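Dumped work.txt below, it's compact mmCIF, C-alpha atoms:
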```
# COMPACT_ATOMS: atom_id res chain seq x y z
CA MET A 1 81.28 13.11 1.56
CA LYS A 2 78.16 12.43 3.64
CA LYS A 3 78.46 12.86 7.42
CA GLU A 4 76.37 9.70 7.83
CA ILE A 5 78.66 7.53 5.69
CA ARG A 6 78.35 3.86 6.76
CA VAL A 7 81.61 2.25 7.72
CA ILE A 8 82.72 -0.88 9.56
CA GLY A 9 85.59 -1.10 12.05
CA ILE A 10 87.12 -4.51 12.76
CA ASP A 11 89.33 -5.68 15.63
CA ASP A 12 90.26 -9.00 17.20
CA SER A 13 90.03 -10.12 20.80
CA PRO A 14 92.86 -11.07 23.13
CA PHE A 15 93.70 -14.78 23.21
CA SER A 16 96.10 -17.11 24.91
CA LYS A 17 98.84 -18.41 22.61
CA PHE A 18 98.95 -21.60 24.63
CA ARG A 19 95.26 -22.30 25.25
CA ASP A 20 93.20 -20.87 22.38
CA SER A 21 93.02 -22.09 18.79
CA LYS A 22 90.44 -19.46 17.80
CA SER A 23 90.06 -15.71 18.34
CA LEU A 24 86.84 -13.69 18.21
CA VAL A 25 86.80 -10.89 15.63
CA VAL A 26 84.30 -8.05 16.14
CA GLY A 27 82.89 -5.67 13.53
CA VAL A 28 81.13 -2.42 14.46
CA VAL A 29 78.90 -0.85 11.79
CA MET A 30 78.43 2.89 12.29
CA ARG A 31 76.89 5.85 10.56
CA GLY A 32 79.71 8.36 10.55
CA GLY A 33 81.45 8.44 13.91
CA SER A 34 78.50 8.52 16.27
CA TRP A 35 75.57 6.17 15.67
CA VAL A 36 76.08 2.38 16.03
CA ASP A 37 73.89 0.48 13.55
CA GLY A 38 74.95 -3.06 14.36
CA ILE A 39 77.53 -5.47 15.69
CA LEU A 40 79.01 -8.40 13.74
CA SER A 41 81.39 -11.13 14.76
CA THR A 42 83.30 -14.09 13.43
CA SER A 43 85.98 -16.43 14.66
CA VAL A 44 89.42 -16.97 13.10
CA ASP A 45 92.30 -19.37 13.67
CA VAL A 46 95.12 -18.15 15.92
CA ASP A 47 98.18 -17.66 13.67
CA GLY A 48 96.05 -19.15 10.85
CA ASN A 49 95.27 -18.21 7.25
CA ASP A 50 91.50 -17.71 7.25
CA ALA A 51 91.19 -14.02 8.23
CA THR A 52 90.59 -12.70 4.70
CA LYS A 53 87.91 -15.33 3.97
CA LYS A 54 86.16 -15.05 7.35
CA ILE A 55 86.12 -11.24 7.44
CA SER A 56 84.89 -10.88 3.85
CA GLU A 57 82.12 -13.43 4.54
CA MET A 58 81.14 -11.59 7.73
CA ILE A 59 80.83 -8.34 5.76
CA ASN A 60 79.19 -9.76 2.63
CA ASN A 61 76.56 -11.69 4.61
CA CYS A 62 75.45 -8.83 6.86
CA LYS A 63 72.30 -6.81 6.29
CA PHE A 64 74.24 -3.55 6.29
CA LYS A 65 76.33 -4.54 3.24
CA PRO A 66 74.42 -2.48 0.63
CA GLN A 67 75.06 0.72 2.63
CA LEU A 68 78.70 0.08 3.62
CA GLN A 69 81.29 2.34 2.02
CA CYS A 70 84.55 1.59 3.78
CA ILE A 71 86.30 -1.05 5.91
CA PHE A 72 88.67 -0.10 8.75
CA LEU A 73 91.10 -2.65 10.16
CA ASP A 74 93.16 -2.21 13.32
CA GLY A 75 96.47 -3.39 11.89
CA ILE A 76 96.96 -5.87 9.06
CA ALA A 77 96.80 -9.05 11.17
CA VAL A 78 94.26 -10.59 13.54
CA ALA A 79 94.69 -13.44 16.00
CA GLY A 80 98.47 -13.25 16.00
CA PHE A 81 99.87 -13.78 12.52
CA ASN A 82 96.57 -14.34 10.68
CA VAL A 83 97.52 -11.65 8.14
CA VAL A 84 94.71 -10.13 6.05
CA ASP A 85 95.22 -10.01 2.29
CA VAL A 86 94.00 -6.41 2.01
CA LYS A 87 93.66 -6.35 -1.79
CA GLU A 88 91.73 -9.64 -1.74
CA LEU A 89 89.44 -8.34 1.04
CA GLY A 90 88.74 -5.26 -1.09
CA ARG A 91 88.04 -7.40 -4.16
CA LYS A 92 85.73 -9.80 -2.34
CA THR A 93 83.70 -7.06 -0.63
CA LYS A 94 84.03 -4.44 -3.41
CA LEU A 95 84.89 -1.93 -0.69
CA PRO A 96 87.92 0.26 0.02
CA VAL A 97 90.01 -0.91 2.97
CA ILE A 98 91.92 1.37 5.33
CA ILE A 99 94.34 -0.24 7.77
CA VAL A 100 94.90 1.99 10.74
CA ILE A 101 98.31 1.73 12.38
CA ARG A 102 98.65 3.41 15.75
CA LYS A 103 102.44 3.44 15.83
CA MET A 104 104.87 3.10 12.94
CA PRO A 105 105.60 -0.64 12.97
CA ASP A 106 109.08 -2.09 12.85
CA ILE A 107 108.57 -3.94 9.56
CA ASP A 108 112.06 -5.47 9.58
CA ASN A 109 111.45 -6.93 13.01
CA ILE A 110 108.09 -8.40 11.91
CA LYS A 111 109.68 -9.87 8.79
CA ASN A 112 112.47 -11.45 10.81
CA THR A 113 109.94 -13.03 13.17
CA LEU A 114 107.91 -14.38 10.24
CA ILE A 115 111.05 -15.92 8.74
CA LYS A 116 111.97 -17.43 12.12
CA ILE A 117 108.54 -19.05 12.63
CA ASN A 118 108.55 -20.29 9.04
CA LYS A 119 105.72 -18.05 7.81
CA LYS A 120 107.64 -16.34 5.03
CA ASN A 121 104.53 -16.36 2.79
CA LYS A 122 102.91 -13.77 5.09
CA ILE A 123 105.65 -11.26 4.27
CA LYS A 124 104.24 -11.01 0.74
CA LEU A 125 100.80 -10.09 2.16
CA ILE A 126 102.33 -7.32 4.25
CA GLU A 127 104.29 -5.98 1.27
CA LYS A 128 101.20 -6.25 -0.97
CA ALA A 129 99.23 -3.97 1.38
CA GLY A 130 101.26 -1.07 0.06
CA GLU A 131 102.99 1.96 1.41
CA ILE A 132 102.43 3.16 4.96
CA ILE A 133 101.28 6.79 4.90
CA LYS A 134 100.92 9.29 7.73
CA ILE A 135 97.46 10.85 7.83
CA GLY A 136 96.92 13.29 10.68
CA ASN A 137 98.15 11.58 13.84
CA ILE A 138 97.97 7.99 12.62
CA TYR A 139 99.56 5.83 9.96
CA ALA A 140 97.55 3.95 7.37
CA GLN A 141 97.78 1.50 4.51
CA MET A 142 95.04 1.61 1.88
CA ALA A 143 93.49 -0.47 -0.87
CA GLY A 144 90.91 0.82 -3.35
CA ILE A 145 91.04 4.39 -2.09
CA LYS A 146 93.36 7.38 -2.47
CA ALA A 147 95.01 9.10 0.50
CA ASP A 148 93.04 12.36 0.17
CA GLU A 149 89.74 10.46 0.03
CA ALA A 150 90.78 8.35 3.05
CA GLY A 151 91.69 11.54 4.89
CA LYS A 152 88.16 12.89 4.34
CA ILE A 153 86.54 9.73 5.73
CA LEU A 154 88.92 9.72 8.71
CA LYS A 155 87.90 13.30 9.53
CA ILE A 156 84.25 12.18 9.75
CA VAL A 157 84.74 8.97 11.76
CA CYS A 158 87.44 10.07 14.24
CA THR A 159 84.89 11.75 16.51
CA ARG A 160 86.37 10.93 19.89
CA SER A 161 90.05 10.25 19.41
CA ASN A 162 92.72 9.82 16.73
CA ILE A 163 91.26 6.37 16.06
CA PRO A 164 88.10 5.94 13.93
CA GLU A 165 85.21 5.50 16.39
CA PRO A 166 84.10 2.10 14.94
CA LEU A 167 87.64 0.78 15.53
CA ARG A 168 87.75 2.18 19.07
CA LEU A 169 84.44 0.47 19.85
CA ALA A 170 85.42 -2.82 18.15
CA HIS A 171 88.53 -2.82 20.33
CA LEU A 172 86.56 -2.16 23.56
CA ILE A 173 83.95 -4.81 22.72
CA ALA A 174 86.44 -7.50 21.67
CA GLN A 175 88.32 -6.96 24.93
CA GLY A 176 85.27 -6.58 27.17
CA VAL A 177 83.41 -9.70 26.11
CA VAL A 178 86.52 -11.90 26.31
CA LEU A 179 88.35 -10.47 29.34
CA GLY A 180 85.29 -9.31 31.33
CA GLU A 181 86.47 -5.70 31.15
CA SER A 182 87.92 -3.56 28.38
CA ARG A 183 91.39 -2.31 29.22
CA GLY A 184 94.03 0.21 28.39
CA LYS A 185 93.92 2.56 25.46
CA ALA A 186 90.90 2.12 23.25
CA MET B 1 71.82 16.48 36.57
CA LYS B 2 75.09 16.36 34.61
CA LYS B 3 74.85 15.61 30.87
CA GLU B 4 77.92 13.41 31.27
CA ILE B 5 76.44 11.25 34.01
CA ARG B 6 78.07 7.78 34.00
CA VAL B 7 75.62 4.92 33.67
CA ILE B 8 75.78 1.22 32.83
CA GLY B 9 73.30 -0.66 30.64
CA ILE B 10 73.11 -4.45 30.98
CA ASP B 11 71.60 -7.06 28.67
CA ASP B 12 71.96 -10.79 28.13
CA SER B 13 72.77 -12.70 24.97
CA PRO B 14 70.58 -15.20 23.14
CA PHE B 15 71.12 -18.83 24.13
CA SER B 16 69.78 -22.23 23.26
CA LYS B 17 67.56 -23.74 25.95
CA PHE B 18 68.71 -27.17 24.88
CA ARG B 19 72.41 -26.65 24.30
CA ASP B 20 73.66 -23.88 26.58
CA SER B 21 74.08 -23.91 30.35
CA LYS B 22 75.51 -20.36 30.44
CA SER B 23 74.58 -17.05 28.88
CA LEU B 24 76.87 -14.06 28.28
CA VAL B 25 75.78 -10.84 29.98
CA VAL B 26 77.16 -7.56 28.58
CA GLY B 27 77.52 -4.21 30.36
CA VAL B 28 78.09 -0.95 28.48
CA VAL B 29 79.47 1.98 30.49
CA MET B 30 78.62 5.35 28.96
CA ARG B 31 78.93 9.02 29.73
CA GLY B 32 75.42 10.26 29.19
CA GLY B 33 73.96 8.82 26.01
CA SER B 34 76.79 9.27 23.58
CA TRP B 35 80.32 8.36 24.67
CA VAL B 36 81.19 4.70 25.39
CA ASP B 37 83.77 4.44 28.18
CA GLY B 38 84.07 0.68 28.44
CA ILE B 39 82.57 -2.76 27.96
CA LEU B 40 82.12 -5.34 30.72
CA SER B 41 80.89 -8.92 30.61
CA THR B 42 80.08 -11.86 32.81
CA SER B 43 78.45 -15.24 32.40
CA VAL B 44 75.34 -16.49 34.22
CA ASP B 45 73.52 -19.82 34.49
CA VAL B 46 70.57 -20.34 32.13
CA ASP B 47 67.42 -20.36 34.31
CA GLY B 48 69.77 -20.17 37.32
CA ASN B 49 69.99 -18.04 40.48
CA ASP B 50 73.35 -16.29 40.14
CA ALA B 51 72.38 -13.14 38.17
CA THR B 52 72.30 -10.77 41.17
CA LYS B 53 75.68 -11.98 42.44
CA LYS B 54 77.40 -12.05 39.04
CA ILE B 55 76.11 -8.65 37.90
CA SER B 56 76.95 -6.91 41.18
CA GLU B 57 80.47 -8.41 41.09
CA MET B 58 80.90 -7.30 37.48
CA ILE B 59 79.96 -3.75 38.46
CA ASN B 60 81.83 -3.57 41.76
CA ASN B 61 85.06 -4.92 40.26
CA CYS B 62 85.22 -2.59 37.26
CA LYS B 63 87.44 0.47 37.09
CA PHE B 64 84.47 2.72 36.29
CA LYS B 65 82.71 1.95 39.59
CA PRO B 66 83.64 5.18 41.43
CA GLN B 67 82.01 7.26 38.66
CA LEU B 68 78.89 5.14 38.07
CA GLN B 69 75.61 6.70 39.10
CA CYS B 70 72.89 4.39 37.79
CA ILE B 71 72.29 0.82 36.56
CA PHE B 72 69.90 0.06 33.69
CA LEU B 73 68.60 -3.47 33.17
CA ASP B 74 66.67 -4.66 30.11
CA GLY B 75 63.92 -6.50 31.96
CA ILE B 76 64.19 -8.10 35.38
CA ALA B 77 65.56 -11.47 34.25
CA VAL B 78 68.60 -12.60 32.27
CA ALA B 79 69.34 -16.00 30.72
CA GLY B 80 65.73 -17.12 30.85
CA PHE B 81 64.43 -17.14 34.41
CA ASN B 82 67.61 -15.98 36.15
CA VAL B 83 65.65 -13.21 37.90
CA VAL B 84 67.62 -10.30 39.35
CA ASP B 85 66.91 -9.30 42.95
CA VAL B 86 66.78 -5.60 42.17
CA LYS B 87 66.89 -4.37 45.77
CA GLU B 88 69.84 -6.66 46.54
CA LEU B 89 71.66 -5.45 43.41
CA GLY B 90 71.10 -1.87 44.57
CA ARG B 91 72.38 -2.70 48.08
CA LYS B 92 75.47 -4.52 46.86
CA THR B 93 76.49 -1.83 44.38
CA LYS B 94 75.13 1.15 46.34
CA LEU B 95 73.58 2.37 43.07
CA PRO B 96 70.02 3.06 41.94
CA VAL B 97 68.63 0.46 39.53
CA ILE B 98 66.17 1.18 36.71
CA ILE B 99 64.60 -1.79 34.96
CA VAL B 100 63.46 -0.80 31.50
CA ILE B 101 60.46 -2.70 30.17
CA ARG B 102 59.72 -2.24 26.48
CA LYS B 103 56.19 -3.55 26.58
CA MET B 104 53.88 -3.93 29.58
CA PRO B 105 54.53 -7.52 30.63
CA ASP B 106 51.78 -10.03 31.31
CA ILE B 107 52.73 -10.58 34.96
CA ASP B 108 50.02 -13.18 35.54
CA ASN B 109 51.27 -15.21 32.62
CA ILE B 110 54.87 -15.05 33.92
CA LYS B 111 53.74 -16.08 37.39
CA ASN B 112 51.79 -19.04 36.02
CA THR B 113 54.83 -20.19 34.08
CA LEU B 114 57.06 -19.89 37.15
CA ILE B 115 54.58 -21.97 39.17
CA LYS B 116 54.43 -24.58 36.39
CA ILE B 117 58.21 -24.95 36.18
CA ASN B 118 58.47 -25.06 39.97
CA LYS B 119 60.24 -21.73 40.41
CA LYS B 120 57.70 -20.12 42.68
CA ASN B 121 60.48 -18.42 44.70
CA LYS B 122 61.20 -16.16 41.69
CA ILE B 123 57.72 -14.66 41.94
CA LYS B 124 58.76 -12.96 45.17
CA LEU B 125 61.71 -11.32 43.40
CA ILE B 126 59.42 -9.95 40.69
CA GLU B 127 56.98 -8.62 43.25
CA LYS B 128 59.82 -7.17 45.32
CA ALA B 129 60.98 -5.09 42.36
CA GLY B 130 58.00 -2.83 42.93
CA GLU B 131 55.41 -1.11 40.86
CA ILE B 132 55.70 -0.82 37.09
CA ILE B 133 55.50 2.86 36.10
CA LYS B 134 55.11 4.42 32.66
CA ILE B 135 57.82 7.02 31.97
CA GLY B 136 57.61 8.59 28.52
CA ASN B 137 57.21 5.77 26.02
CA ILE B 138 58.57 2.99 28.18
CA TYR B 139 57.69 1.21 31.41
CA ALA B 140 60.11 0.95 34.32
CA GLN B 141 60.60 -0.53 37.76
CA MET B 142 62.97 1.26 40.12
CA ALA B 143 65.02 0.69 43.25
CA GLY B 144 66.85 3.42 45.16
CA ILE B 145 65.55 6.23 42.97
CA LYS B 146 62.31 8.19 42.59
CA ALA B 147 60.32 8.34 39.36
CA ASP B 148 61.01 12.03 38.67
CA GLU B 149 64.76 11.54 39.16
CA ALA B 150 64.67 8.45 36.92
CA GLY B 151 62.80 10.49 34.31
CA LYS B 152 65.61 13.08 34.30
CA ILE B 153 68.30 10.43 33.76
CA LEU B 154 66.24 8.76 31.01
CA LYS B 155 66.01 12.10 29.17
CA ILE B 156 69.80 12.33 29.11
CA VAL B 157 70.56 8.72 28.10
CA CYS B 158 67.79 8.08 25.55
CA THR B 159 69.70 9.84 22.79
CA ARG B 160 68.77 7.67 19.85
CA SER B 161 65.54 5.91 20.67
CA ASN B 162 63.06 5.30 23.50
CA ILE B 163 65.59 2.94 25.03
CA PRO B 164 68.60 4.23 27.01
CA GLU B 165 71.57 4.16 24.64
CA PRO B 166 73.74 1.92 26.92
CA LEU B 167 70.91 -0.66 26.90
CA ARG B 168 70.50 -0.42 23.12
CA LEU B 169 74.25 -1.01 22.68
CA ALA B 170 74.40 -3.83 25.27
CA HIS B 171 71.60 -5.53 23.32
CA LEU B 172 73.37 -5.14 19.94
CA ILE B 173 76.70 -6.35 21.35
CA ALA B 174 75.25 -9.35 23.24
CA GLN B 175 73.47 -10.44 20.07
CA GLY B 176 76.28 -9.64 17.65
CA VAL B 177 79.08 -11.48 19.43
CA VAL B 178 76.96 -14.59 20.00
CA LEU B 179 74.91 -14.80 16.77
CA GLY B 180 77.44 -13.24 14.39
CA GLU B 181 75.07 -10.36 13.64
CA SER B 182 72.82 -8.17 15.80
CA ARG B 183 69.20 -8.51 14.80
CA GLY B 184 65.77 -6.95 15.00
CA LYS B 185 64.95 -3.99 17.18
CA ALA B 186 67.81 -2.72 19.26
```
Since I need it in another form, could you write the structure as structure tokens?
Amino acid sequence: MKKEIRVIGIDDSPFSKFRDSKSLVVGVVMRGGSWVDGILSTSVDVDGNDATKKISEMINNCKFKPQLQCIFLDGIAVAGFNVVDVKELGRKTKLPVIIVIRKMPDIDNIKNTLIKINKKNKIKLIEKAGEIIKIGNIYAQMAGIKADEAGKILKIVCTRSNIPEPLRLAHLIAQGVVLGESRGKA
Amino acid sequence: MKKEIRVIGIDDSPFSKFRDSKSLVVGVVMRGGSWVDGILSTSVDVDGNDATKKISEMINNCKFKPQLQCIFLDGIAVAGFNVVDVKELGRKTKLPVIIVIRKMPDIDNIKNTLIKINKKNKIKLIEKAGEIIKIGNIYAQMAGIKADEAGKILKIVCTRSNIPEPLRLAHLIAQGVVLGESRGKA
């Protein structure tokens, strides 16, 4: 595995449930865990269904695409309940996808909420994303890549914390440009 | 000089002269030239007069302020002809300011334009920013810091190119979140 492997980390920005219909999604393209090559962005519907389409378009249309070798997502959903179809994202971009989960989620609680708000179809997407595995200090779901391979990439890109550096930066940027200042744990 | 010196690099985002009345301004807080601590942002009037006020507020209100030791600006103006009063910015933030200039600007040409568009008062701000000095491969104007001191800080923060890394990142972010993809030379 090359130290300079090109990866993209994707995170969404904070939004107001009551005011905003769209949420900014930021992608950070890095070589390994240190050098930022470029910044991408797109906009998705709050609680909508367009995350998979918008994110795969953002990746496929960028100039870094030929070099990219892996996609990192911060959780399986953006902009509230705009759940990413991880397998579909992998198919459309022809790239492995690693969903990084900071804390073990309460899947039953999420499912109950989705049933309550009449978004039962999203449960299938969450189940489709596969088993949640512990790698080092984080949890992850994967598509198109095996756990040992994912572990090797994580070792390269987690330069500053337990979180892959492109995800940490995507989080800081998405917060900073929307709120005026990035907050809390990156 | 500490390798981990905290600095902020500030750049504006692209805008349409015909459509936009505001432009996003992004600040990247780094430790030296490698570790991103946080992202700030504010919004200024296109061709307006609020850059000095907005940028000093952005800096003074952020949680990183007590650690900050230097401000980098990418050119003296943001959002078109929203010229920063560099001395005033230094006074308000109590920090030295280094304006990085990639290419030696054609000052006469800028002055002629400002006269033509009836913004003669901005010429004073440009003149007030002091002499343009060549440091390494770039040009710079300074307030509240001497050239040899500025040279030392530049050596620490120019980790990846001739441009201080916080400025390179501020440029990529400001472009990426507004255009969808960062472009050209960072």
Identify every residue of chain A that has at least one atom within 10 Å of any atom of chain B, counting only C-alpha atoms, and report the result as a short mmCIF file (atom, residue, chain, number, x, y, z; two decimals) with C-alpha atoms, in the frame of the given file.
```
data_model
loop_
_atom_site.label_atom_id
_atom_site.label_comp_id
_atom_site.auth_asym_id
_atom_site.auth_seq_id
_atom_site.Cartn_x
_atom_site.Cartn_y
_atom_site.Cartn_z
CA LEU A 24 86.84 -13.69 18.21
CA VAL A 25 86.80 -10.89 15.63
CA VAL A 26 84.30 -8.05 16.14
CA GLY A 27 82.89 -5.67 13.53
CA VAL A 28 81.13 -2.42 14.46
CA SER A 34 78.50 8.52 16.27
CA TRP A 35 75.57 6.17 15.67
CA VAL A 36 76.08 2.38 16.03
CA ASP A 37 73.89 0.48 13.55
CA GLY A 38 74.95 -3.06 14.36
CA ILE A 39 77.53 -5.47 15.69
CA LEU A 40 79.01 -8.40 13.74
CA SER A 41 81.39 -11.13 14.76
CA THR A 42 83.30 -14.09 13.43
CA SER A 43 85.98 -16.43 14.66
CA MET A 58 81.14 -11.59 7.73
CA ILE A 59 80.83 -8.34 5.76
CA ASN A 61 76.56 -11.69 4.61
CA CYS A 62 75.45 -8.83 6.86
CA LYS A 63 72.30 -6.81 6.29
CA THR A 159 84.89 11.75 16.51
CA ARG A 160 86.37 10.93 19.89
CA GLU A 165 85.21 5.50 16.39
CA ARG A 168 87.75 2.18 19.07
CA LEU A 169 84.44 0.47 19.85
CA ALA A 170 85.42 -2.82 18.15
CA HIS A 171 88.53 -2.82 20.33
CA LEU A 172 86.56 -2.16 23.56
CA ILE A 173 83.95 -4.81 22.72
CA ALA A 174 86.44 -7.50 21.67
CA GLN A 175 88.32 -6.96 24.93
CA GLY A 176 85.27 -6.58 27.17
CA VAL A 177 83.41 -9.70 26.11
CA VAL A 178 86.52 -11.90 26.31
CA LEU A 179 88.35 -10.47 29.34
CA GLY A 180 85.29 -9.31 31.33
CA GLU A 181 86.47 -5.70 31.15
CA SER A 182 87.92 -3.56 28.38
CA ARG A 183 91.39 -2.31 29.22
CA GLY A 184 94.03 0.21 28.39
CA ALA A 186 90.90 2.12 23.25
#
```
What residues have an atom no more than 12 Å from (51.6, -5.1, 30.1) in the file's own frame, counting only C-alpha atoms, and can you write them as a list in words?
-> Ile101, Arg102, Lys103, Met104, Pro105, Asp106, Ile107, Asp108, Asn109, Ile110, Ile132, Ile133, Lys134, Ile138, Tyr139 and Ala140 of chain B
Quick one: everything within 9 Å of Ser56 of chain B, counting only C-alpha atoms, minus sequence neighbours fewer than 6 positions away in the same chain. Send it as a list in words.
->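 Final neighbour list, sorted by chain and number: Glu88, Leu89, Gly90, Lys92 and Thr93 of chain B.
Considering only C-alpha atoms, the residue among B:Asp85, B:Asp47, B:Glu127, B:Asp74 positioned nearest to Phe15 of chain B is B:Asp47.
Coordinates place atom CA of Ser23 of chain B at a distance of 28.3 Å from atom CA of Lys53 of chain A.
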Polymer residues at most 7 Å from segment 141-154 of chain A, only C-alpha atoms, same-chain spacing of 4 or more positions, as a list in words = Val86, Lys87, Gly90, Pro96, Val97, Ile98, Ile99, Val100, Ala129, Gly130, Glu131, Ile132, Ile133, Ile135, Cys158 and Pro164 of chain A
Computed interatomic separation between atom CA of Lys3 of chain B and atom CA of Ser161 of chain B (Å) | 16.9 Å
Near Ser21 of chain A, within 12 Å and counting only C-alpha atoms, which residues show up once chain neighbours fewer than 6 positions away are dropped, as a ChimeraX atom specification?
-> /A:14-15,43-48,79-80,82
Could you tell me how far atom CA of Lys54 of chain B lies from atom CA of Ile10 of chain B, in Å and to one decimal?
->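 Separation of atom CA of Lys54 of chain B and atom CA of Ile10 of chain B: 11.9 Å.
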Find the residues near segment 67-69 of chain A: any atom within 9 Å, counting only C-alpha atoms, skip ones fewer than 6 places away on the same chain, and give them as a list in words.
-> Ile5, Arg6, Val7, Ile8, Val29, Ile59, Leu95 and Pro96 of chain A
Missing atoms in segment 30-49 of chain B need filling: write out N, CA and C atoms for it as a compact mmCIF listing (two decimals), in the coordinates of the input.
```txt
# COMPACT_ATOMS: atom_id res chain seq x y z
N MET B 30 78.65 4.15 29.80
CA MET B 30 78.62 5.35 28.96
C MET B 30 78.63 6.61 29.80
N ARG B 31 79.12 7.68 29.18
CA ARG B 31 78.93 9.02 29.73
C ARG B 31 77.72 9.60 29.05
N GLY B 32 76.67 9.81 29.79
CA GLY B 32 75.42 10.26 29.19
C GLY B 32 74.96 9.26 28.14
N GLY B 33 74.47 9.73 27.02
CA GLY B 33 73.96 8.82 26.01
C GLY B 33 74.77 8.79 24.75
N SER B 34 76.06 9.19 24.85
CA SER B 34 76.79 9.27 23.58
C SER B 34 78.18 8.63 23.60
N TRP B 35 78.91 8.75 24.67
CA TRP B 35 80.32 8.36 24.67
C TRP B 35 80.51 7.05 25.42
N VAL B 36 80.96 5.99 24.74
CA VAL B 36 81.19 4.70 25.39
C VAL B 36 82.55 4.72 26.09
N ASP B 37 82.53 4.46 27.40
CA ASP B 37 83.77 4.44 28.18
C ASP B 37 84.38 3.05 28.25
N GLY B 38 83.52 2.02 28.32
CA GLY B 38 84.07 0.68 28.44
C GLY B 38 83.00 -0.39 28.32
N ILE B 39 83.46 -1.62 28.11
CA ILE B 39 82.57 -2.76 27.96
C ILE B 39 82.94 -3.80 29.01
N LEU B 40 81.92 -4.30 29.71
CA LEU B 40 82.12 -5.34 30.72
C LEU B 40 81.34 -6.58 30.28
N SER B 41 81.70 -7.73 30.85
CA SER B 41 80.89 -8.92 30.61
C SER B 41 81.03 -9.90 31.76
N THR B 42 80.02 -10.75 31.87
CA THR B 42 80.08 -11.86 32.81
C THR B 42 79.24 -12.98 32.22
N SER B 43 79.17 -14.09 32.93
CA SER B 43 78.45 -15.24 32.40
C SER B 43 77.55 -15.76 33.52
N VAL B 44 76.28 -16.02 33.19
CA VAL B 44 75.34 -16.49 34.22
C VAL B 44 74.69 -17.81 33.78
N ASP B 45 74.15 -18.53 34.77
CA ASP B 45 73.52 -19.82 34.49
C ASP B 45 72.16 -19.62 33.83
N VAL B 46 71.89 -20.37 32.76
CA VAL B 46 70.57 -20.34 32.13
C VAL B 46 69.53 -20.85 33.13
N ASP B 47 68.48 -20.05 33.34
CA ASP B 47 67.42 -20.36 34.31
C ASP B 47 67.95 -20.53 35.74
N GLY B 48 69.14 -19.97 36.01
CA GLY B 48 69.77 -20.17 37.32
C GLY B 48 69.41 -19.10 38.33
N ASN B 49 70.26 -18.97 39.37
CA ASN B 49 69.99 -18.04 40.48
C ASN B 49 71.16 -17.10 40.76
```
